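Note: the block below is query-v8.cif and it holds mmCIF, C-alpha atoms.
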data_coords
#
loop_
_atom_site.group_PDB
_atom_site.id
_atom_site.type_symbol
_atom_site.label_atom_id
_atom_site.label_comp_id
_atom_site.auth_asym_id
_atom_site.auth_seq_id
_atom_site.Cartn_x
_atom_site.Cartn_y
_atom_site.Cartn_z
ATOM 1 C CA MET S 1 0.000 0.000 0.000
ATOM 2 C CA LEU S 2 1.437 3.393 -0.971
ATOM 3 C CA SER S 3 1.897 5.867 1.833
ATOM 4 C CA ILE S 4 1.142 9.575 1.505
ATOM 5 C CA ARG S 5 4.802 10.219 2.241
ATOM 6 C CA SER S 6 6.038 8.076 -0.654
ATOM 7 C CA LEU S 7 3.502 9.438 -3.136
ATOM 8 C CA PHE S 8 3.978 13.117 -2.296
ATOM 9 C CA LYS S 9 7.601 13.095 -1.145
ATOM 10 C CA LYS S 10 8.287 15.538 -3.955
ATOM 11 C CA LYS S 11 5.998 18.334 -4.984
ATOM 12 C CA LYS S 12 3.667 17.026 -7.659
ATOM 13 C CA VAL S 13 1.298 18.804 -9.989
ATOM 14 C CA ASP S 14 -1.838 17.221 -11.439
ATOM 15 C CA ASP S 15 -4.092 19.340 -13.661
ATOM 16 C CA GLY S 16 -3.223 22.537 -11.800
ATOM 17 C CA ILE S 17 -3.393 20.900 -8.363
ATOM 18 C CA ARG S 18 -0.089 20.776 -6.504
ATOM 19 C CA PHE S 19 0.555 18.353 -3.635
ATOM 20 C CA ILE S 20 3.063 18.990 -0.847
ATOM 21 C CA HIS S 21 3.778 16.476 1.922
ATOM 22 C CA LEU S 22 5.218 17.369 5.343
ATOM 23 C CA ASP S 23 6.376 14.783 7.862
ATOM 24 C CA ASP S 24 5.038 16.978 10.625
ATOM 25 C CA THR S 25 3.966 20.552 11.267
ATOM 26 C CA ASP S 26 2.045 22.455 13.887
ATOM 27 C CA SER S 27 -0.845 23.072 11.465
ATOM 28 C CA THR S 28 -1.264 22.581 7.731
ATOM 29 C CA ASN S 29 -3.634 25.565 7.724
ATOM 30 C CA ARG S 30 -0.986 27.768 9.288
ATOM 31 C CA TYR S 31 1.587 26.452 6.817
ATOM 32 C CA CYS S 32 -0.603 27.473 3.882
ATOM 33 C CA LEU S 33 -1.463 30.883 5.319
ATOM 34 C CA GLU S 34 2.166 31.766 6.059
ATOM 35 C CA GLU S 35 3.900 30.082 3.124
ATOM 36 C CA PHE S 36 1.700 31.731 0.528
ATOM 37 C CA GLN S 37 1.109 35.192 1.990
ATOM 38 C CA ASP S 38 2.021 37.043 -1.175
ATOM 39 C CA ASP S 39 0.878 35.681 -4.533
ATOM 40 C CA THR S 40 3.615 37.610 -6.329
ATOM 41 C CA THR S 41 6.437 35.942 -4.366
ATOM 42 C CA ALA S 42 4.974 32.475 -3.837
ATOM 43 C CA PRO S 43 4.780 30.701 -7.213
ATOM 44 C CA LEU S 44 3.167 27.598 -5.690
ATOM 45 C CA SER S 45 0.075 29.601 -4.883
ATOM 46 C CA GLN S 46 -0.426 30.250 -8.587
ATOM 47 C CA SER S 47 -1.719 26.686 -8.939
ATOM 48 C CA ARG S 48 -5.484 26.296 -8.965
ATOM 49 C CA MET S 49 -5.070 24.411 -5.722
ATOM 50 C CA VAL S 50 -2.267 23.523 -3.355
ATOM 51 C CA VAL S 51 -2.874 20.489 -1.129
ATOM 52 C CA VAL S 52 -0.622 20.228 1.938
ATOM 53 C CA THR S 53 -0.651 16.944 3.857
ATOM 54 C CA ALA S 54 1.106 16.001 7.089
ATOM 55 C CA ASP S 55 1.670 12.737 8.923
ATOM 56 C CA TYR S 56 1.401 14.607 12.204
ATOM 57 C CA GLN S 57 0.144 17.984 13.432
ATOM 58 C CA SER S 58 1.256 19.194 16.842
ATOM 59 C CA ALA S 59 -1.409 21.898 16.974
ATOM 60 C CA GLY S 60 -4.159 20.825 14.613
ATOM 61 C CA LYS S 61 -7.103 23.169 15.056
ATOM 62 C CA GLY S 62 -10.835 22.708 15.081
ATOM 63 C CA GLN S 63 -13.550 25.315 15.351
ATOM 64 C CA GLY S 64 -12.947 27.890 18.121
ATOM 65 C CA THR S 65 -10.520 26.565 20.733
ATOM 66 C CA ASN S 66 -10.969 22.896 19.803
ATOM 67 C CA THR S 67 -8.001 20.708 18.884
ATOM 68 C CA TRP S 68 -7.856 17.554 16.768
ATOM 69 C CA GLU S 69 -6.482 14.289 18.179
ATOM 70 C CA SER S 70 -4.568 12.174 15.682
ATOM 71 C CA GLU S 71 -1.901 9.491 15.966
ATOM 72 C CA ARG S 72 1.110 9.959 13.708
ATOM 73 C CA GLY S 73 0.622 8.465 10.259
ATOM 74 C CA GLN S 74 -2.808 7.017 10.968
ATOM 75 C CA ASN S 75 -5.245 9.632 9.740
ATOM 76 C CA LEU S 76 -5.675 12.093 6.910
ATOM 77 C CA LEU S 77 -4.590 15.615 7.863
ATOM 78 C CA PHE S 78 -4.480 18.165 5.069
ATOM 79 C CA SER S 79 -5.261 21.677 3.942
ATOM 80 C CA ILE S 80 -6.336 22.873 0.523
ATOM 81 C CA LEU S 81 -5.353 26.358 -0.621
ATOM 82 C CA CYS S 82 -7.617 27.610 -3.399
ATOM 83 C CA HIS S 83 -8.682 30.927 -4.893
ATOM 84 C CA PRO S 84 -12.487 31.041 -5.338
ATOM 85 C CA VAL S 85 -12.494 34.717 -6.292
ATOM 86 C CA TRP S 86 -15.918 34.339 -7.879
ATOM 87 C CA VAL S 87 -17.501 33.719 -4.445
ATOM 88 C CA PRO S 88 -18.890 36.883 -2.807
ATOM 89 C CA ILE S 89 -18.146 37.440 0.871
ATOM 90 C CA MET S 90 -21.802 37.071 1.835
ATOM 91 C CA GLY S 91 -21.914 33.722 0.048
ATOM 92 C CA GLN S 92 -18.711 32.186 1.412
ATOM 93 C CA PHE S 93 -20.588 29.429 3.251
ATOM 94 C CA ILE S 94 -20.911 27.699 -0.129
ATOM 95 C CA ILE S 95 -17.244 26.655 0.224
ATOM 96 C CA SER S 96 -18.083 24.921 3.485
ATOM 97 C CA GLU S 97 -20.895 23.116 1.694
ATOM 98 C CA CYS S 98 -18.571 22.073 -1.145
ATOM 99 C CA ILE S 99 -15.923 20.471 1.065
ATOM 100 C CA ALA S 100 -18.490 18.817 3.339
ATOM 101 C CA LEU S 101 -20.221 17.289 0.321
ATOM 102 C CA ALA S 102 -16.916 16.173 -1.185
ATOM 103 C CA ILE S 103 -15.953 14.314 1.979
ATOM 104 C CA ARG S 104 -19.399 12.832 2.568
ATOM 105 C CA ASP S 105 -19.580 11.656 -1.047
ATOM 106 C CA THR S 106 -16.135 10.057 -0.824
ATOM 107 C CA LEU S 107 -16.736 8.304 2.493
ATOM 108 C CA SER S 108 -20.075 7.046 1.209
ATOM 109 C CA THR S 109 -18.252 5.008 -1.432
ATOM 110 C CA TYR S 110 -16.981 2.841 1.452
ATOM 111 C CA THR S 111 -20.258 2.323 3.321
ATOM 112 C CA ASP S 112 -23.587 3.966 4.184
ATOM 113 C CA GLY S 113 -24.538 6.136 7.142
ATOM 114 C CA PHE S 114 -22.561 9.353 6.573
ATOM 115 C CA SER S 115 -24.124 12.796 6.981
ATOM 116 C CA ILE S 116 -23.096 16.445 7.404
ATOM 117 C CA LYS S 117 -23.529 17.914 10.865
ATOM 118 C CA TRP S 118 -23.985 21.663 10.575
ATOM 119 C CA PRO S 119 -21.900 23.560 9.773
ATOM 120 C CA ASN S 120 -19.395 21.054 8.353
ATOM 121 C CA ASP S 121 -18.537 18.094 10.590
ATOM 122 C CA ILE S 122 -18.956 14.690 8.983
ATOM 123 C CA TYR S 123 -20.771 12.063 11.018
ATOM 124 C CA TRP S 124 -21.289 8.336 10.720
ATOM 125 C CA HIS S 125 -24.622 7.917 12.444
ATOM 126 C CA ASP S 126 -23.993 9.724 15.793
ATOM 127 C CA ARG S 127 -20.189 9.511 15.669
ATOM 128 C CA LYS S 128 -17.802 12.158 14.381
ATOM 129 C CA ILE S 129 -15.305 11.056 11.745
ATOM 130 C CA CYS S 130 -14.197 14.381 10.258
ATOM 131 C CA GLY S 131 -13.745 18.015 11.224
ATOM 132 C CA ILE S 132 -13.194 20.966 8.920
ATOM 133 C CA LEU S 133 -11.775 24.455 9.531
ATOM 134 C CA ILE S 134 -11.984 27.099 6.802
ATOM 135 C CA GLU S 135 -9.979 30.342 6.863
ATOM 136 C CA ASN S 136 -10.461 32.977 4.177
ATOM 137 C CA ARG S 137 -8.514 36.008 3.052
ATOM 138 C CA LEU S 138 -10.855 38.659 1.718
ATOM 139 C CA SER S 139 -10.360 41.310 -0.934
ATOM 140 C CA ALA S 140 -12.960 43.957 -1.737
ATOM 141 C CA ARG S 141 -16.272 42.081 -1.837
ATOM 142 C CA HIS S 142 -14.891 38.676 -2.712
ATOM 143 C CA ILE S 143 -12.684 35.903 -1.385
ATOM 144 C CA LYS S 144 -9.063 36.182 -2.412
ATOM 145 C CA ASP S 145 -7.666 32.994 -0.895
ATOM 146 C CA CYS S 146 -9.285 30.141 0.978
ATOM 147 C CA VAL S 147 -7.582 27.534 3.163
ATOM 148 C CA VAL S 148 -9.698 24.477 3.907
ATOM 149 C CA GLY S 149 -8.270 22.388 6.745
ATOM 150 C CA VAL S 150 -9.501 18.814 7.077
ATOM 151 C CA GLY S 151 -8.948 16.041 9.599
ATOM 152 C CA ILE S 152 -10.430 12.637 8.776
ATOM 153 C CA ASP S 153 -10.089 9.738 11.215
ATOM 154 C CA VAL S 154 -8.963 6.960 8.911
ATOM 155 C CA ASN S 155 -6.909 4.192 10.550
ATOM 156 C CA GLN S 156 -6.717 5.172 14.225
ATOM 157 C CA LEU S 157 -8.121 2.442 16.493
ATOM 158 C CA GLU S 158 -8.111 4.156 19.893
ATOM 159 C CA PHE S 159 -8.941 7.735 20.920
ATOM 160 C CA HIS S 160 -7.791 9.194 24.236
ATOM 161 C CA SER S 161 -9.124 12.758 24.271
ATOM 162 C CA ASP S 162 -12.314 13.784 26.033
ATOM 163 C CA ALA S 163 -14.166 14.095 22.711
ATOM 164 C CA PRO S 164 -17.451 12.242 23.237
ATOM 165 C CA ASN S 165 -17.920 10.474 19.932
ATOM 166 C CA PRO S 166 -14.894 9.998 17.623
ATOM 167 C CA ILE S 167 -14.757 7.104 15.184
ATOM 168 C CA SER S 168 -12.440 6.129 12.336
ATOM 169 C CA LEU S 169 -13.130 4.560 8.967
ATOM 170 C CA ARG S 170 -11.075 1.538 10.014
ATOM 171 C CA GLN S 171 -13.244 1.062 13.098
ATOM 172 C CA ILE S 172 -16.336 1.153 10.892
ATOM 173 C CA LEU S 173 -15.060 -1.165 8.159
ATOM 174 C CA GLY S 174 -12.770 -3.442 10.138
ATOM 175 C CA HIS S 175 -9.732 -3.036 7.900
ATOM 176 C CA GLU S 176 -7.014 -0.513 7.059
ATOM 177 C CA ILE S 177 -7.738 2.175 4.467
ATOM 178 C CA ASP S 178 -5.410 3.612 1.812
ATOM 179 C CA ARG S 179 -5.103 7.252 2.871
ATOM 180 C CA THR S 180 -3.629 8.336 -0.458
ATOM 181 C CA GLU S 181 -6.594 7.118 -2.479
ATOM 182 C CA LEU S 182 -8.971 8.690 0.021
ATOM 183 C CA LEU S 183 -7.174 12.030 -0.265
ATOM 184 C CA LYS S 184 -7.208 11.993 -4.071
ATOM 185 C CA SER S 185 -10.922 11.233 -4.118
ATOM 186 C CA VAL S 186 -11.760 14.055 -1.693
ATOM 187 C CA VAL S 187 -9.681 16.622 -3.594
ATOM 188 C CA THR S 188 -11.199 15.576 -6.933
ATOM 189 C CA ALA S 189 -14.737 15.823 -5.552
ATOM 190 C CA PHE S 190 -14.045 19.208 -3.932
ATOM 191 C CA ASP S 191 -12.645 20.527 -7.196
ATOM 192 C CA ARG S 192 -15.768 19.316 -8.988
ATOM 193 C CA TYR S 193 -18.079 21.068 -6.525
ATOM 194 C CA LEU S 194 -16.070 24.305 -6.721
ATOM 195 C CA GLN S 195 -16.305 24.225 -10.495
ATOM 196 C CA ALA S 196 -20.072 23.805 -10.215
ATOM 197 C CA VAL S 197 -20.205 26.942 -8.065
ATOM 198 C CA GLU S 198 -18.004 28.808 -10.540
ATOM 199 C CA ASN S 199 -20.476 27.804 -13.249
ATOM 200 C CA GLY S 200 -23.305 29.324 -11.226
ATOM 201 C CA ASP S 201 -24.792 26.123 -9.749
ATOM 202 C CA TYR S 202 -25.087 27.530 -6.208
ATOM 203 C CA ALA S 203 -28.628 26.199 -5.780
ATOM 204 C CA ALA S 204 -27.691 22.650 -6.755
ATOM 205 C CA VAL S 205 -24.829 22.570 -4.241
ATOM 206 C CA ALA S 206 -26.974 24.056 -1.468
ATOM 207 C CA THR S 207 -29.758 21.573 -2.183
ATOM 208 C CA ALA S 208 -27.360 18.641 -2.044
ATOM 209 C CA TYR S 209 -25.931 19.924 1.240
ATOM 210 C CA ALA S 210 -29.408 20.219 2.768
ATOM 211 C CA SER S 211 -30.339 16.712 1.653
ATOM 212 C CA TYR S 212 -27.453 15.155 3.607
ATOM 213 C CA LEU S 213 -27.778 17.118 6.848
ATOM 214 C CA TYR S 214 -27.477 15.233 10.116
ATOM 215 C CA ARG S 215 -30.843 15.287 11.932
ATOM 216 C CA SER S 216 -32.540 16.706 8.862
ATOM 217 C CA HIS S 217 -35.914 15.220 9.813
ATOM 218 C CA GLY S 218 -37.677 15.269 13.171
ATOM 219 C CA PHE S 219 -37.148 16.900 16.555
ATOM 220 C CA TYR S 220 -33.872 16.520 18.454
ATOM 221 C CA PRO S 221 -32.265 18.038 21.564
ATOM 222 C CA TYR S 222 -30.185 21.211 21.349
ATOM 223 C CA ARG S 223 -28.636 23.660 23.794
ATOM 224 C CA ASP S 224 -28.081 27.413 23.416
ATOM 225 C CA GLY S 225 -27.267 30.248 25.811
ATOM 226 C CA GLN S 226 -30.723 29.974 27.327
ATOM 227 C CA GLY S 227 -30.580 26.227 27.945
ATOM 228 C CA TYR S 228 -31.881 22.928 26.593
ATOM 229 C CA PHE S 229 -34.685 22.664 24.027
ATOM 230 C CA GLU S 230 -35.946 20.376 21.282
ATOM 231 C CA ALA S 231 -36.257 21.525 17.693
ATOM 232 C CA ALA S 232 -36.331 20.479 14.053
ATOM 233 C CA ILE S 233 -34.089 21.831 11.322
ATOM 234 C CA VAL S 234 -35.928 24.159 8.934
ATOM 235 C CA GLU S 235 -33.031 25.137 6.674
ATOM 236 C CA VAL S 236 -29.502 26.439 6.482
ATOM 237 C CA GLU S 237 -29.438 29.940 5.016
ATOM 238 C CA ASP S 238 -27.010 31.053 2.318
ATOM 239 C CA ASP S 239 -24.857 32.822 4.910
ATOM 240 C CA GLY S 240 -24.613 29.633 6.981
ATOM 241 C CA HIS S 241 -27.156 30.426 9.712
ATOM 242 C CA LEU S 242 -28.979 27.363 11.039
ATOM 243 C CA ILE S 243 -32.746 27.841 11.259
ATOM 244 C CA LEU S 244 -34.580 25.677 13.811
ATOM 245 C CA ARG S 245 -38.242 25.385 14.791
ATOM 246 C CA ASP S 246 -38.804 24.441 18.431
ATOM 247 C CA ARG S 247 -41.661 22.425 19.905
ATOM 248 C CA GLU S 248 -43.677 25.605 20.480
ATOM 249 C CA GLY S 249 -43.379 26.570 16.828
ATOM 250 C CA HIS S 250 -40.902 29.396 17.404
ATOM 251 C CA ILE S 251 -38.253 29.952 14.737
ATOM 252 C CA ARG S 252 -34.691 30.225 16.046
ATOM 253 C CA SER S 253 -31.692 31.404 14.019
ATOM 254 C CA TYR S 254 -28.094 30.576 14.969
ATOM 255 C CA ALA S 255 -24.639 31.467 13.727
ATOM 256 C CA PHE S 256 -21.647 29.183 14.293
ATOM 257 C CA LYS S 257 -21.075 28.271 17.952
ATOM 258 C CA GLU S 258 -24.363 29.795 19.085
ATOM 259 C CA VAL S 259 -26.128 26.435 19.408
ATOM 260 C CA GLU S 260 -24.980 22.953 20.385
ATOM 261 C CA PHE S 261 -26.265 19.581 19.227
ATOM 262 C CA VAL S 262 -26.967 17.482 22.327
ATOM 263 C CA LEU S 263 -25.725 13.946 21.747
ATOM 264 C CA GLU S 264 -27.748 11.898 24.173
ATOM 265 C CA GLY S 265 -25.864 8.944 25.638
ATOM 266 C CA LEU S 266 -22.509 10.197 24.324
ATOM 267 C CA GLU S 267 -21.889 13.269 26.501
#
Starting from the coordinates I provided, produce the structure as structure tokens.
Amino acid sequence: MLSIRSLFKKKKVDDGIRFIHLDDTDSTNRYCLEEFQDDTTAPLSQSRMVVVTADYQSAGKGQGTNTWESERGQNLLFSILCHPVWVPIMGQFIISECIALAIRDTLSTYTDGFSIKWPNDIYWHDRKICGILIENRLSARHIKDCVVGVGIDVNQLEFHSDAPNPISLRQILGHEIDRTELLKSVVTAFDRYLQAVENGDYAAVATAYASYLYRSHGFYPYRDGQGYFEAAIVEVEDDGHLILRDREGHIRSYAFKEVEFVLEGLE
């Protein structure tokens, strides 16, 4: 089985997508943001995409102050630098939808049961298999550069953090997974979704995202600043706000980190 290190030991270009492999780094997102600060002095950033992988991250980040647990060489840790300049600032959530769909689609080729937990975690039933962190550089009214950081639990068999519900693809399937093939499939799918957006197919991407949402039907427990409640998902707006309807029929709107999914039996 080819390792990511052997395949991407040297910088490789495939149809405008350049791959860089690092043995270890603090964060592949940070590497992208610092290595390619200036488009005029960083030729690598002239590629349509730059994909940076690492066997180990000492400070892999999640949303907010969260960190990502990963054993060296077991999982898929990477960042994609791209330049979706056609995406307006108010519509930047579409990038989150594109990468979430790309990962869900790819994982679903292995088995069923994958969904997208708003805004962009990937779940297998009630267990988290993937986290995503997106950082954008803005220019005028559009996105100049976008760094999409991804951590997918692939071959790790034991988790030791206090995260309530991690799971890996190997735990689900019962055998080791080729991380290189998984990476190539995710990047190809993400590129395809981005091209759809560039061609104006925003609605199709948003519709696909909505169709694969975790807890998309029925009432489930949530928690916000006011406490616990039960609600059903109404929609996710173009700017990424989650719209819920509670048991009393009240409509509630939330930005990132303003509401928490309560995972009963796992917390």
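Compared by their closest atoms to S:Asn165, and using all atoms listed in the file, the residues S:Val87, S:Leu244, S:Ile129, S:Gln195 rank with S:Ile129 nearest.
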**Atom pair atom CA of S:His21 / atom CA of S:Ser185: separation (Å)** = 16.7 Å
**Request:** Give me the result of the PyMOL selection byres ((chain S and resi 231-235) around 7) on this file, residue by residue, as a PyMOL selection string.
**Result:** chain S and resi 216-221+229-230+236-237+242-247
**For atom CA of S:Ile95 and atom CA of S:Val262, the interatomic separation in Å (one decimal)** = 25.8 Å
**Request:** Run through the PyMOL selection byres ((chain S and resi 190) around 9) on the given coordinates and return the selected residues as a list in words.
**Result:**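 Output from the PyMOL selection byres ((chain S and resi 190) around 9), applied to this file: Cys98, Ile99, Ala100, Leu101, Ala102, Ile103, Ser185, Val186, Val187, Thr188, Ala189, Asp191, Arg192, Tyr193, Leu194 and Gln195 of chain S.
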**Asked** atom CA of S:Ser139 and atom CA of S:Met90, how far apart in Å?
**Response**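 Interatomic distance here is 12.5 Å.
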**Message:** Please enumerate the residues selected by the PyMOL selection byres ((chain S and resi 117) around 9) when evaluated against the supplied file, formatted as a list in words.
**Reply:**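 This file gives the following for the PyMOL selection byres ((chain S and resi 117) around 9): Ser115, Ile116, Trp118, Pro119, Asn120, Asp121, Ile122, Tyr123, Lys128, Tyr212, Leu213, Tyr214, Arg215 and Phe261 of chain S.
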**Item:** Among the residues S:Arg72, S:Phe78, S:Trp124, S:Arg48, the one that comes closest to S:Asp112 [using only C-alpha atoms]
**Value:** S:Trp124
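With only the atoms specified (only C-alpha atoms) counting, those residues at most 10 Å away from (-22.7, 33.9, -1.9) are S:Trp86, S:Val87, S:Pro88, S:Ile89, S:Met90, S:Gly91, S:Gln92, S:Phe93, S:Ile94, S:Ile95, S:His142, S:Val197, S:Tyr202, S:Asp238, S:Asp239.
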Nearby residues (only C-alpha atoms) at most 9 Å from S:Glu260, same-chain spacing under 5 positions excluded, as a short mmCIF file (atom, residue, chain, number, x, y, z; two decimals) with C-alpha atoms, keeping the file's coordinate frame:
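Saved file around.cif follows:
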data_model
loop_
_atom_site.label_atom_id
_atom_site.label_comp_id
_atom_site.auth_asym_id
_atom_site.auth_seq_id
_atom_site.Cartn_x
_atom_site.Cartn_y
_atom_site.Cartn_z
CA PRO S 221 -32.26 18.04 21.56
CA TYR S 222 -30.18 21.21 21.35
CA ARG S 223 -28.64 23.66 23.79
CA ASP S 224 -28.08 27.41 23.42
#
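Candidate residues S:Leu173, S:Val52, S:Leu138, S:Leu133 were compared for distance to S:Phe256, and the nearest is S:Leu133, using all atoms listed in the file.
Remark: for S:Ser79, the closest of the candidate residues S:Val205, S:Val259, S:Val51, S:Leu182 is S:Val51 (distances computed over all atoms listed in the file).
In terms of minimum interatomic distance to S:Asp153, S:Glu176 ranks closest within S:Asp105, S:Glu97, S:Glu176, S:Glu258, counting all atoms listed in the file.
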**Request:** Pick out the residues sitting within 12 Å of S:Leu169, and hand them over as a ChimeraX atom specification; count all atoms listed in the file, and ignore anything fewer than 3 positions along from it in its own chain.
**Result:** /S:74-76,106-114,122-124,127-130,152-157,166,172-179,182
Listed atoms of stretch 55-60 of chain S, axis-aligned box, 5 Å per side: centre and edge lengths to one decimal in Å, as lines of an AutoDock Vina configuration file?
center_x = -1.2
center_y = 17.3
center_z = 12.9
size_x = 15.8
size_y = 19.2
size_z = 18.1
Taking 4 positions as the minimum chain separation for residues in the same chain, which residues sit within 7 Å of S:Leu77 when counting all atoms listed in the file? Answer as a tab-separated table (two decimals) with C-alpha atoms, in the coordinates of the input.
chain	number	residue	atom	x	y	z
S	53	THR	CA	-0.65	16.94	3.86
S	54	ALA	CA	1.11	16.00	7.09
S	55	ASP	CA	1.67	12.74	8.92
S	150	VAL	CA	-9.50	18.81	7.08
S	151	GLY	CA	-8.95	16.04	9.60
S	152	ILE	CA	-10.43	12.64	8.78
**Complete:** Shortest contact to S:Val148, candidates S:Gly200, S:Gly227, S:Gly16, S:Gly131, atoms counted all atoms listed in the file, goes to S:Gly131
